[in-house]
$ cat protein34.cif   # mmCIF, N, CA and C atoms
data_query
loop_
_atom_site.label_atom_id
_atom_site.label_comp_id
_atom_site.auth_asym_id
_atom_site.auth_seq_id
_atom_site.Cartn_x
_atom_site.Cartn_y
_atom_site.Cartn_z
N GLN A 240 103.40 139.75 47.13
CA GLN A 240 102.65 140.73 47.89
C GLN A 240 103.24 140.82 49.29
N GLU A 241 103.37 142.01 49.78
CA GLU A 241 103.90 142.23 51.12
C GLU A 241 102.82 142.01 52.17
N TRP A 242 103.24 141.90 53.43
CA TRP A 242 102.29 141.72 54.52
C TRP A 242 102.29 142.92 55.44
N GLY A 243 102.81 144.05 54.98
CA GLY A 243 102.80 145.27 55.77
C GLY A 243 101.64 146.15 55.38
N GLU A 244 101.70 147.41 55.84
CA GLU A 244 100.62 148.35 55.53
C GLU A 244 100.74 148.93 54.14
N LEU A 245 101.96 148.94 53.59
CA LEU A 245 102.18 149.51 52.27
C LEU A 245 102.79 148.48 51.34
N THR A 246 102.46 148.60 50.05
CA THR A 246 103.11 147.76 49.05
C THR A 246 104.43 148.41 48.69
N GLU A 247 105.21 147.74 47.88
CA GLU A 247 106.50 148.30 47.47
C GLU A 247 106.33 149.59 46.66
N TYR A 248 105.14 149.84 46.13
CA TYR A 248 104.89 151.05 45.35
C TYR A 248 104.21 152.14 46.16
N GLY A 249 104.07 151.94 47.46
CA GLY A 249 103.50 152.96 48.33
C GLY A 249 101.99 152.93 48.47
N HIS A 250 101.32 151.92 47.91
CA HIS A 250 99.87 151.79 48.04
C HIS A 250 99.54 151.09 49.35
N LEU A 251 98.35 151.36 49.89
CA LEU A 251 97.89 150.62 51.05
C LEU A 251 97.68 149.17 50.64
N ALA A 252 98.23 148.26 51.40
CA ALA A 252 98.12 146.84 51.09
C ALA A 252 96.71 146.34 51.38
N PRO A 253 96.17 145.44 50.55
CA PRO A 253 94.85 144.87 50.82
C PRO A 253 94.77 144.23 52.20
N GLU A 254 95.87 143.68 52.68
CA GLU A 254 95.89 143.04 54.00
C GLU A 254 95.57 144.02 55.12
N LEU A 255 95.89 145.29 54.92
CA LEU A 255 95.55 146.31 55.92
C LEU A 255 94.03 146.37 56.10
N TRP A 256 93.31 146.43 54.99
CA TRP A 256 91.85 146.53 55.05
C TRP A 256 91.24 145.23 55.58
N MET A 257 91.75 144.09 55.13
CA MET A 257 91.21 142.81 55.60
C MET A 257 91.47 142.64 57.10
N GLY A 258 92.65 143.02 57.55
CA GLY A 258 92.96 142.94 58.98
C GLY A 258 92.08 143.85 59.81
N LEU A 259 91.82 145.05 59.30
CA LEU A 259 90.97 146.00 60.02
C LEU A 259 89.52 145.49 60.10
N LEU A 260 89.01 144.98 59.00
CA LEU A 260 87.66 144.40 59.02
C LEU A 260 87.59 143.22 59.98
N TRP A 261 88.59 142.35 59.93
CA TRP A 261 88.61 141.18 60.82
C TRP A 261 88.61 141.63 62.28
N LYS A 262 89.45 142.59 62.60
CA LYS A 262 89.55 143.06 63.98
C LYS A 262 88.25 143.69 64.46
N ARG A 263 87.60 144.45 63.59
CA ARG A 263 86.36 145.13 63.99
C ARG A 263 85.16 144.21 64.05
N LEU A 264 85.13 143.17 63.23
CA LEU A 264 83.93 142.36 63.10
C LEU A 264 83.99 141.00 63.78
N MET A 265 85.15 140.39 63.80
CA MET A 265 85.26 139.03 64.32
C MET A 265 85.56 139.07 65.82
N GLY A 266 84.81 138.34 66.59
CA GLY A 266 85.02 138.29 68.03
C GLY A 266 86.17 137.36 68.39
N GLN A 267 86.43 137.24 69.68
CA GLN A 267 87.51 136.40 70.18
C GLN A 267 87.14 134.92 70.24
N GLN A 268 85.86 134.63 70.47
CA GLN A 268 85.44 133.24 70.64
C GLN A 268 85.24 132.58 69.28
N VAL A 269 86.04 131.55 69.02
CA VAL A 269 85.94 130.81 67.76
C VAL A 269 84.82 129.78 67.89
N LEU A 270 83.97 129.73 66.87
CA LEU A 270 82.84 128.81 66.87
C LEU A 270 83.08 127.69 65.85
N GLN A 271 82.50 126.54 66.13
CA GLN A 271 82.58 125.44 65.19
C GLN A 271 81.58 125.68 64.06
N VAL A 272 82.03 125.49 62.84
CA VAL A 272 81.17 125.66 61.67
C VAL A 272 80.82 124.28 61.14
N THR A 273 79.54 124.04 60.97
CA THR A 273 79.10 122.80 60.34
C THR A 273 78.45 123.17 59.03
N SER A 274 78.57 122.28 58.06
CA SER A 274 78.00 122.60 56.76
C SER A 274 77.51 121.34 56.08
N GLU A 275 76.55 121.55 55.23
CA GLU A 275 76.05 120.50 54.36
C GLU A 275 76.29 120.96 52.93
N ASN A 276 77.05 120.18 52.22
CA ASN A 276 77.31 120.44 50.80
C ASN A 276 78.01 121.77 50.55
N LEU A 277 78.92 122.18 51.43
CA LEU A 277 79.66 123.41 51.19
C LEU A 277 80.62 123.19 50.02
N LEU A 278 80.69 124.15 49.15
CA LEU A 278 81.53 124.05 47.97
C LEU A 278 83.00 123.96 48.37
N SER A 279 83.78 123.18 47.65
CA SER A 279 85.18 122.94 48.00
C SER A 279 86.04 124.20 47.90
N TYR A 280 85.61 125.19 47.16
CA TYR A 280 86.41 126.41 46.99
C TYR A 280 85.97 127.55 47.91
N VAL A 281 85.08 127.26 48.85
CA VAL A 281 84.62 128.27 49.81
C VAL A 281 85.07 127.85 51.21
N ARG A 282 85.70 128.77 51.94
CA ARG A 282 86.10 128.54 53.33
C ARG A 282 85.17 129.37 54.22
N THR A 283 84.85 128.81 55.39
CA THR A 283 83.92 129.47 56.31
C THR A 283 84.50 129.45 57.71
N TYR A 284 84.45 130.61 58.38
CA TYR A 284 84.90 130.75 59.76
C TYR A 284 83.84 131.54 60.52
N ALA A 285 83.68 131.26 61.81
CA ALA A 285 82.69 131.97 62.61
C ALA A 285 83.27 132.29 63.98
N HIS A 286 82.95 133.50 64.46
CA HIS A 286 83.40 133.96 65.77
C HIS A 286 82.25 134.67 66.47
N ARG A 287 82.32 134.75 67.80
CA ARG A 287 81.34 135.49 68.60
C ARG A 287 82.10 136.50 69.45
N ASP A 288 81.53 137.71 69.57
CA ASP A 288 82.18 138.72 70.40
C ASP A 288 81.56 138.76 71.79
N ASP A 289 82.04 139.67 72.64
CA ASP A 289 81.56 139.78 74.02
C ASP A 289 80.10 140.22 74.12
N SER A 290 79.56 140.81 73.05
CA SER A 290 78.16 141.24 73.03
C SER A 290 77.24 140.16 72.46
N ASN A 291 77.79 138.97 72.24
CA ASN A 291 77.06 137.83 71.70
C ASN A 291 76.71 137.99 70.22
N VAL A 292 77.42 138.86 69.52
CA VAL A 292 77.23 139.03 68.08
C VAL A 292 78.07 137.99 67.36
N VAL A 293 77.43 137.24 66.47
CA VAL A 293 78.12 136.21 65.69
C VAL A 293 78.44 136.78 64.31
N THR A 294 79.69 136.57 63.90
CA THR A 294 80.11 136.97 62.56
C THR A 294 80.66 135.74 61.85
N VAL A 295 80.18 135.54 60.63
CA VAL A 295 80.67 134.47 59.76
C VAL A 295 81.42 135.13 58.62
N VAL A 296 82.59 134.60 58.30
CA VAL A 296 83.31 135.09 57.13
C VAL A 296 83.35 133.97 56.10
N LEU A 297 82.99 134.33 54.88
CA LEU A 297 82.97 133.39 53.75
C LEU A 297 84.03 133.84 52.75
N ILE A 298 84.95 132.94 52.43
CA ILE A 298 86.04 133.26 51.51
C ILE A 298 85.90 132.37 50.29
N ASN A 299 85.68 132.98 49.13
CA ASN A 299 85.48 132.25 47.89
C ASN A 299 86.78 132.31 47.07
N PHE A 300 87.47 131.18 47.03
CA PHE A 300 88.71 131.07 46.26
C PHE A 300 88.45 130.64 44.83
N GLY A 301 87.22 130.35 44.50
CA GLY A 301 86.88 129.79 43.19
C GLY A 301 86.71 130.82 42.10
N GLU A 302 86.56 130.30 40.90
CA GLU A 302 86.32 131.14 39.73
C GLU A 302 84.83 131.37 39.50
N TRP A 303 83.99 130.81 40.40
CA TRP A 303 82.55 130.88 40.24
C TRP A 303 81.93 131.56 41.45
N ASP A 304 80.84 132.26 41.20
CA ASP A 304 80.08 132.84 42.30
C ASP A 304 79.42 131.71 43.09
N ALA A 305 79.12 131.98 44.35
CA ALA A 305 78.50 130.98 45.20
C ALA A 305 77.34 131.59 45.97
N SER A 306 76.33 130.80 46.21
CA SER A 306 75.21 131.19 47.07
C SER A 306 75.28 130.29 48.29
N ILE A 307 75.51 130.89 49.45
CA ILE A 307 75.72 130.15 50.68
C ILE A 307 74.60 130.46 51.66
N ASP A 308 73.93 129.41 52.15
CA ASP A 308 72.91 129.58 53.19
C ASP A 308 73.60 129.66 54.54
N VAL A 309 73.33 130.73 55.28
CA VAL A 309 73.93 130.93 56.61
C VAL A 309 72.81 130.88 57.64
N ASP A 310 72.94 129.97 58.60
CA ASP A 310 71.95 129.83 59.67
C ASP A 310 72.63 130.15 60.98
N PHE A 311 72.24 131.24 61.60
CA PHE A 311 72.87 131.67 62.85
C PHE A 311 72.27 130.98 64.07
N GLY A 312 71.23 130.19 63.88
CA GLY A 312 70.66 129.44 64.98
C GLY A 312 69.76 130.23 65.91
N HIS A 313 69.39 131.43 65.53
CA HIS A 313 68.44 132.21 66.34
C HIS A 313 67.56 133.03 65.41
N THR A 314 66.50 133.54 65.96
CA THR A 314 65.56 134.29 65.14
C THR A 314 66.08 135.69 64.87
N GLY A 315 65.54 136.28 63.88
CA GLY A 315 65.92 137.63 63.46
C GLY A 315 65.56 137.77 62.01
N SER A 316 65.29 138.97 61.58
CA SER A 316 64.81 139.15 60.22
C SER A 316 65.88 139.66 59.25
N SER A 317 67.02 140.12 59.78
CA SER A 317 68.01 140.68 58.87
C SER A 317 69.43 140.30 59.28
N GLN A 318 70.34 140.52 58.36
CA GLN A 318 71.76 140.30 58.61
C GLN A 318 72.53 141.43 57.95
N GLU A 319 73.69 141.73 58.50
CA GLU A 319 74.55 142.77 57.94
C GLU A 319 75.67 142.10 57.17
N GLU A 320 75.93 142.59 55.96
CA GLU A 320 76.93 141.99 55.10
C GLU A 320 77.96 143.03 54.67
N TYR A 321 79.21 142.58 54.61
CA TYR A 321 80.34 143.39 54.16
C TYR A 321 81.02 142.61 53.04
N HIS A 322 80.82 143.03 51.80
CA HIS A 322 81.35 142.32 50.64
C HIS A 322 82.66 142.97 50.20
N VAL A 323 83.74 142.19 50.24
CA VAL A 323 85.06 142.69 49.85
C VAL A 323 85.43 142.05 48.51
N THR A 324 85.61 142.90 47.52
CA THR A 324 85.98 142.45 46.18
C THR A 324 87.15 143.29 45.70
N SER A 325 87.68 142.94 44.53
CA SER A 325 88.78 143.72 43.97
C SER A 325 88.45 144.13 42.54
N PRO A 326 88.51 145.44 42.26
CA PRO A 326 88.31 145.88 40.88
C PRO A 326 89.48 145.49 39.99
N ASP A 327 90.60 145.04 40.60
CA ASP A 327 91.78 144.63 39.83
C ASP A 327 91.64 143.23 39.23
N LEU A 328 90.65 142.46 39.66
CA LEU A 328 90.51 141.10 39.13
C LEU A 328 90.27 141.14 37.64
N PRO A 329 90.82 140.20 36.89
CA PRO A 329 91.39 138.94 37.31
C PRO A 329 92.86 138.99 37.74
N ASN A 330 93.44 140.17 37.79
CA ASN A 330 94.83 140.28 38.26
C ASN A 330 94.85 140.09 39.78
N ILE A 331 95.28 138.91 40.23
CA ILE A 331 95.25 138.63 41.66
C ILE A 331 96.39 139.29 42.41
N GLN A 332 97.27 139.99 41.72
CA GLN A 332 98.34 140.71 42.38
C GLN A 332 98.02 142.20 42.52
N GLY A 333 96.78 142.58 42.20
CA GLY A 333 96.36 143.97 42.33
C GLY A 333 96.30 144.39 43.78
N THR A 334 96.20 145.70 43.99
CA THR A 334 96.21 146.23 45.36
C THR A 334 94.92 146.94 45.73
N LYS A 335 93.96 147.03 44.83
CA LYS A 335 92.73 147.77 45.12
C LYS A 335 91.65 146.85 45.66
N LEU A 336 90.90 147.37 46.63
CA LEU A 336 89.77 146.64 47.18
C LEU A 336 88.53 147.54 47.17
N SER A 337 87.38 146.88 47.07
CA SER A 337 86.10 147.57 47.20
C SER A 337 85.33 146.92 48.34
N LEU A 338 84.62 147.75 49.08
CA LEU A 338 83.75 147.26 50.15
C LEU A 338 82.33 147.64 49.81
N ASN A 339 81.49 146.64 49.61
CA ASN A 339 80.09 146.85 49.23
C ASN A 339 79.98 147.73 47.99
N GLY A 340 80.89 147.52 47.05
CA GLY A 340 80.86 148.23 45.78
C GLY A 340 81.56 149.57 45.75
N ALA A 341 82.01 150.08 46.89
CA ALA A 341 82.72 151.37 46.95
C ALA A 341 84.22 151.11 47.12
N ASP A 342 85.01 151.73 46.27
CA ASP A 342 86.47 151.54 46.34
C ASP A 342 87.01 152.06 47.66
N LEU A 343 87.89 151.27 48.28
CA LEU A 343 88.59 151.72 49.48
C LEU A 343 89.82 152.50 49.06
N PRO A 344 90.24 153.48 49.85
CA PRO A 344 91.44 154.25 49.49
C PRO A 344 92.64 153.33 49.33
N ASP A 345 93.47 153.63 48.34
CA ASP A 345 94.66 152.80 48.15
C ASP A 345 95.95 153.57 48.45
N SER A 346 95.80 154.76 49.08
CA SER A 346 96.98 155.50 49.51
C SER A 346 96.63 156.27 50.78
N PHE A 347 97.64 156.57 51.57
CA PHE A 347 97.39 157.34 52.79
C PHE A 347 96.84 158.72 52.46
N GLY A 348 97.25 159.29 51.32
CA GLY A 348 96.77 160.60 50.93
C GLY A 348 95.28 160.62 50.64
N ALA A 349 94.74 159.49 50.19
CA ALA A 349 93.31 159.40 49.88
C ALA A 349 92.47 158.98 51.08
N LEU A 350 93.13 158.57 52.14
CA LEU A 350 92.43 158.09 53.33
C LEU A 350 91.93 159.26 54.16
N GLN A 351 90.63 159.29 54.45
CA GLN A 351 90.05 160.35 55.27
C GLN A 351 89.70 159.79 56.63
N LEU A 352 90.33 160.33 57.66
CA LEU A 352 90.10 159.87 59.02
C LEU A 352 88.94 160.65 59.63
N ASN A 353 88.32 160.06 60.66
CA ASN A 353 87.24 160.78 61.34
C ASN A 353 87.82 161.79 62.32
N SER A 354 86.97 162.50 63.04
CA SER A 354 87.44 163.58 63.93
C SER A 354 88.33 163.07 65.05
N ALA A 355 88.24 161.78 65.39
CA ALA A 355 89.09 161.20 66.44
C ALA A 355 90.41 160.71 65.86
N GLY A 356 90.60 160.86 64.55
CA GLY A 356 91.83 160.41 63.92
C GLY A 356 91.85 158.94 63.58
N ASP A 357 90.66 158.31 63.55
CA ASP A 357 90.56 156.88 63.26
C ASP A 357 89.98 156.67 61.86
N VAL A 358 90.20 155.47 61.35
CA VAL A 358 89.55 155.07 60.11
C VAL A 358 88.05 154.97 60.41
N PRO A 359 87.19 155.60 59.61
CA PRO A 359 85.75 155.56 59.89
C PRO A 359 85.20 154.13 59.91
N GLU A 360 84.05 153.98 60.56
CA GLU A 360 83.38 152.68 60.59
C GLU A 360 82.96 152.31 59.17
N PHE A 361 82.88 151.03 58.92
CA PHE A 361 82.44 150.54 57.62
C PHE A 361 80.93 150.34 57.64
N ALA A 362 80.26 150.80 56.60
CA ALA A 362 78.80 150.68 56.52
C ALA A 362 78.43 149.34 55.90
N PRO A 363 77.62 148.55 56.60
CA PRO A 363 77.21 147.26 56.04
C PRO A 363 76.03 147.39 55.09
N LEU A 364 75.79 146.34 54.34
CA LEU A 364 74.55 146.18 53.61
C LEU A 364 73.61 145.40 54.51
N THR A 365 72.42 145.89 54.75
CA THR A 365 71.45 145.17 55.56
C THR A 365 70.52 144.42 54.61
N LYS A 366 70.47 143.10 54.81
CA LYS A 366 69.70 142.25 53.91
C LYS A 366 68.83 141.31 54.73
N PRO A 367 67.77 140.77 54.10
CA PRO A 367 66.96 139.77 54.81
C PRO A 367 67.81 138.54 55.13
N ARG A 368 67.51 137.89 56.24
CA ARG A 368 68.24 136.68 56.62
C ARG A 368 68.12 135.64 55.53
N GLY A 369 69.18 134.88 55.34
CA GLY A 369 69.13 133.80 54.37
C GLY A 369 70.42 133.66 53.61
N SER A 370 70.31 133.39 52.33
CA SER A 370 71.46 133.13 51.48
C SER A 370 72.33 134.36 51.31
N VAL A 371 73.63 134.10 51.21
CA VAL A 371 74.60 135.16 50.96
C VAL A 371 75.23 134.88 49.59
N GLN A 372 75.23 135.90 48.75
CA GLN A 372 75.84 135.77 47.42
C GLN A 372 77.31 136.17 47.53
N VAL A 373 78.20 135.23 47.22
CA VAL A 373 79.63 135.47 47.36
C VAL A 373 80.25 135.40 45.96
N LYS A 374 80.73 136.52 45.47
CA LYS A 374 81.34 136.56 44.15
C LYS A 374 82.64 135.77 44.15
N SER A 375 83.05 135.34 42.97
CA SER A 375 84.31 134.60 42.86
C SER A 375 85.45 135.49 43.34
N MET A 376 86.43 134.87 43.97
CA MET A 376 87.62 135.56 44.46
C MET A 376 87.27 136.75 45.36
N SER A 377 86.37 136.53 46.30
CA SER A 377 85.96 137.60 47.20
C SER A 377 85.76 137.07 48.61
N VAL A 378 85.53 138.01 49.54
CA VAL A 378 85.31 137.69 50.94
C VAL A 378 84.06 138.42 51.39
N VAL A 379 83.21 137.73 52.18
CA VAL A 379 82.02 138.37 52.74
C VAL A 379 81.99 138.10 54.24
N PHE A 380 81.87 139.17 55.02
CA PHE A 380 81.63 139.08 56.45
C PHE A 380 80.13 139.24 56.66
N VAL A 381 79.52 138.33 57.42
CA VAL A 381 78.08 138.37 57.66
C VAL A 381 77.86 138.38 59.17
N GLN A 382 77.07 139.34 59.65
CA GLN A 382 76.77 139.45 61.08
C GLN A 382 75.29 139.31 61.32
N SER A 383 74.97 138.64 62.42
CA SER A 383 73.60 138.55 62.89
C SER A 383 73.61 138.91 64.36
N LYS A 384 72.81 139.89 64.71
CA LYS A 384 72.77 140.34 66.10
C LYS A 384 71.53 139.76 66.76
N PRO A 385 71.71 139.25 68.01
CA PRO A 385 70.56 138.63 68.69
C PRO A 385 69.46 139.63 69.01
#

$ encode --input "protein34.cif" --output "structure tokens"
Amino acid sequence: QEWGELTEYGHLAPELWMGLLWKRLMGQQVLQVTSENLLSYVRTYAHRDDSNVVTVVLINFGEWDASIDVDFGHTGSSQEEYHVTSPDLPNIQGTKLSLNGADLPDSFGALQLNSAGDVPEFAPLTKPRGSVQVKSMSVVFVQSKP
């Protein structure tokens, strides 16, 4: 797999979408993550942005779905989730990604920019605070706003 914007076949690389989500959601300040009984096949990272919004990213490398309890350390009734999966699985060399169940464009021709010429904002799933369901071989960004 390439690390550019396009694959050798002219498709948008999955790394383009992951990099864009990371840039838009993850802040500059890296936070320490503590866990109790975190599964060995799940990686967790947390960042805070200048507006004090904390984003946790959960990466499930396993063949099994995982339920992860996320505690942001402050009150609030909801969290925003961005679930990144691939309809190409189990082919891990596929190039297609889905965000919250909707396929992301896999070519520049299918990409629709907003009136400013930018990639539109990504719509999160708003869920009650608590456990996050992370499908096997997927990534979930979770935000909690103070």

$ closest_residue --input "protein34.cif" --among "A:Val378, A:Leu297, A:Leu259, A:His322" --to "Ala341 of chain A" --atoms "all atoms listed in the file"
A:His322

$ atom_distance --input "protein34.cif" --atom1 "atom C of Asn276 of chain A" --atom2 "atom C of Ile298 of chain A"
13.2 Å

$ atom_distance --input "protein34.cif" --atom1 "atom N of Ser354 of chain A" --atom2 "atom C of Lys262 of chain A"
18.9 Å

$ resolve_selection --input "protein34.cif" --expression "the PyMOL selection byres ((chain A and resi 373) around 8)" --output "list in words"
Leu297, Ile298, Asn299, Trp303, Asp304, Ala305, Ser306, Ile307, His322, Ser370, Val371, Gln372, Lys374, Ser375, Met376, Ser377, Val378 and Val379 of chain A

$ atom_distance --input "protein34.cif" --atom1 "atom C of Gln271 of chain A" --atom2 "atom CA of Gly340 of chain A"
29.0 Å

$ resolve_selection --input "protein34.cif" --expression "the PyMOL selection byres (((chain A and resi 283 and name CA) around 6) and name CA)" --output "list in words"
Arg282, Tyr284, Val296 and Leu297 of chain A

$ resolve_selection --input "protein34.cif" --expression "the PyMOL selection byres ((chain A and resi 288-292) around 8)" --output "PyMOL selection string"
chain A and resi 264-269+285-287+293-295+382-385

$ select_by_dssp --input "protein34.cif" --residues "chain A" --states "alpha helix (DSSP H)" --output "PyMOL selection string"
chain A and resi 253-264

$ closest_residue --input "protein34.cif" --among "A:Pro344, A:Lys366, A:Leu251, A:Gly301" --to "Ser316 of chain A" --atoms "only N, CA and C atoms"
A:Lys366

$ closest_residue --input "protein34.cif" --among "A:Asn353, A:Ser279, A:Ser274, A:Thr334" --to "His250 of chain A" --atoms "only C-alpha atoms"
A:Thr334

$ residues_around --input "protein34.cif" --residues "Leu338 of chain A" --least-positions-apart "4" --cutoff "10 Å" --atoms "only C-alpha atoms" --output "list in words"
Trp256, Glu320, Tyr321, His322, Val323, Thr324, Ser325, Asp342, Leu343, Phe361, Ala362, Pro363, Leu364, Val378 and Val379 of chain A

$ write_last_selection --input "protein34.cif" --atoms "N, CA and C atoms" --output "PDB file, keeping the file's coordinate frame"
ATOM      1  N   TRP A 256      93.310 146.430  54.990  1.00  0.00           N
ATOM      2  CA  TRP A 256      91.850 146.530  55.050  1.00  0.00           C
ATOM      3  C   TRP A 256      91.240 145.230  55.580  1.00  0.00           C
ATOM      4  N   GLU A 320      75.930 142.590  55.960  1.00  0.00           N
ATOM      5  CA  GLU A 320      76.930 141.990  55.100  1.00  0.00           C
ATOM      6  C   GLU A 320      77.960 143.030  54.670  1.00  0.00           C
ATOM      7  N   TYR A 321      79.210 142.580  54.610  1.00  0.00           N
ATOM      8  CA  TYR A 321      80.340 143.390  54.160  1.00  0.00           C
ATOM      9  C   TYR A 321      81.020 142.610  53.040  1.00  0.00           C
ATOM     10  N   HIS A 322      80.820 143.030  51.800  1.00  0.00           N
ATOM     11  CA  HIS A 322      81.350 142.320  50.640  1.00  0.00           C
ATOM     12  C   HIS A 322      82.660 142.970  50.200  1.00  0.00           C
ATOM     13  N   VAL A 323      83.740 142.190  50.240  1.00  0.00           N
ATOM     14  CA  VAL A 323      85.060 142.690  49.850  1.00  0.00           C
ATOM     15  C   VAL A 323      85.430 142.050  48.510  1.00  0.00           C
ATOM     16  N   THR A 324      85.610 142.900  47.520  1.00  0.00           N
ATOM     17  CA  THR A 324      85.980 142.450  46.180  1.00  0.00           C
ATOM     18  C   THR A 324      87.150 143.290  45.700  1.00  0.00           C
ATOM     19  N   SER A 325      87.680 142.940  44.530  1.00  0.00           N
ATOM     20  CA  SER A 325      88.780 143.720  43.970  1.00  0.00           C
ATOM     21  C   SER A 325      88.450 144.130  42.540  1.00  0.00           C
ATOM     22  N   ASP A 342      85.010 151.730  46.270  1.00  0.00           N
ATOM     23  CA  ASP A 342      86.470 151.540  46.340  1.00  0.00           C
ATOM     24  C   ASP A 342      87.010 152.060  47.660  1.00  0.00           C
ATOM     25  N   LEU A 343      87.890 151.270  48.280  1.00  0.00           N
ATOM     26  CA  LEU A 343      88.590 151.720  49.480  1.00  0.00           C
ATOM     27  C   LEU A 343      89.820 152.500  49.060  1.00  0.00           C
ATOM     28  N   PHE A 361      82.880 151.030  58.920  1.00  0.00           N
ATOM     29  CA  PHE A 361      82.440 150.540  57.620  1.00  0.00           C
ATOM     30  C   PHE A 361      80.930 150.340  57.640  1.00  0.00           C
ATOM     31  N   ALA A 362      80.260 150.800  56.600  1.00  0.00           N
ATOM     32  CA  ALA A 362      78.800 150.680  56.520  1.00  0.00           C
ATOM     33  C   ALA A 362      78.430 149.340  55.900  1.00  0.00           C
ATOM     34  N   PRO A 363      77.620 148.550  56.600  1.00  0.00           N
ATOM     35  CA  PRO A 363      77.210 147.260  56.040  1.00  0.00           C
ATOM     36  C   PRO A 363      76.030 147.390  55.090  1.00  0.00           C
ATOM     37  N   LEU A 364      75.790 146.340  54.340  1.00  0.00           N
ATOM     38  CA  LEU A 364      74.550 146.180  53.610  1.00  0.00           C
ATOM     39  C   LEU A 364      73.610 145.400  54.510  1.00  0.00           C
ATOM     40  N   VAL A 378      85.530 138.010  49.540  1.00  0.00           N
ATOM     41  CA  VAL A 378      85.310 137.690  50.940  1.00  0.00           C
ATOM     42  C   VAL A 378      84.060 138.420  51.390  1.00  0.00           C
ATOM     43  N   VAL A 379      83.210 137.730  52.180  1.00  0.00           N
ATOM     44  CA  VAL A 379      82.020 138.370  52.740  1.00  0.00           C
ATOM     45  C   VAL A 379      81.990 138.100  54.240  1.00  0.00           C
TER      46      VAL A 379
END

$ select_by_dssp --input "protein34.cif" --residues "chain A" --states "strand (DSSP E)" --output "PyMOL selection string"
chain A and resi 268-270+281-287+293-299+305-308+317-324+337-338+341-342+364-367+370-373+377-383

$ residues_near_point --input "protein34.cif" --point "(67.4, 144.3, 56.9)" --cutoff "6.5 Å" --atoms "only N, CA and C atoms" --output "PDB file with N, CA and C atoms, in the frame of the given file"
ATOM      1  N   SER A 316      65.290 138.970  61.580  1.00  0.00           N
ATOM      2  CA  SER A 316      64.810 139.150  60.220  1.00  0.00           C
ATOM      3  C   SER A 316      65.880 139.660  59.250  1.00  0.00           C
ATOM      4  N   SER A 317      67.020 140.120  59.780  1.00  0.00           N
ATOM      5  CA  SER A 317      68.010 140.680  58.870  1.00  0.00           C
ATOM      6  C   SER A 317      69.430 140.300  59.280  1.00  0.00           C
ATOM      7  N   GLN A 318      70.340 140.520  58.360  1.00  0.00           N
ATOM      8  CA  GLN A 318      71.760 140.300  58.610  1.00  0.00           C
ATOM      9  C   GLN A 318      72.530 141.430  57.950  1.00  0.00           C
ATOM     10  N   THR A 365      72.420 145.890  54.750  1.00  0.00           N
ATOM     11  CA  THR A 365      71.450 145.170  55.560  1.00  0.00           C
ATOM     12  C   THR A 365      70.520 144.420  54.610  1.00  0.00           C
ATOM     13  N   LYS A 366      70.470 143.100  54.810  1.00  0.00           N
ATOM     14  CA  LYS A 366      69.700 142.250  53.910  1.00  0.00           C
ATOM     15  C   LYS A 366      68.830 141.310  54.730  1.00  0.00           C
ATOM     16  N   PRO A 367      67.770 140.770  54.100  1.00  0.00           N
ATOM     17  CA  PRO A 367      66.960 139.770  54.810  1.00  0.00           C
ATOM     18  C   PRO A 367      67.810 138.540  55.130  1.00  0.00           C
ATOM     19  N   ARG A 368      67.510 137.890  56.240  1.00  0.00           N
ATOM     20  CA  ARG A 368      68.240 136.680  56.620  1.00  0.00           C
ATOM     21  C   ARG A 368      68.120 135.640  55.530  1.00  0.00           C
TER      22      ARG A 368
END
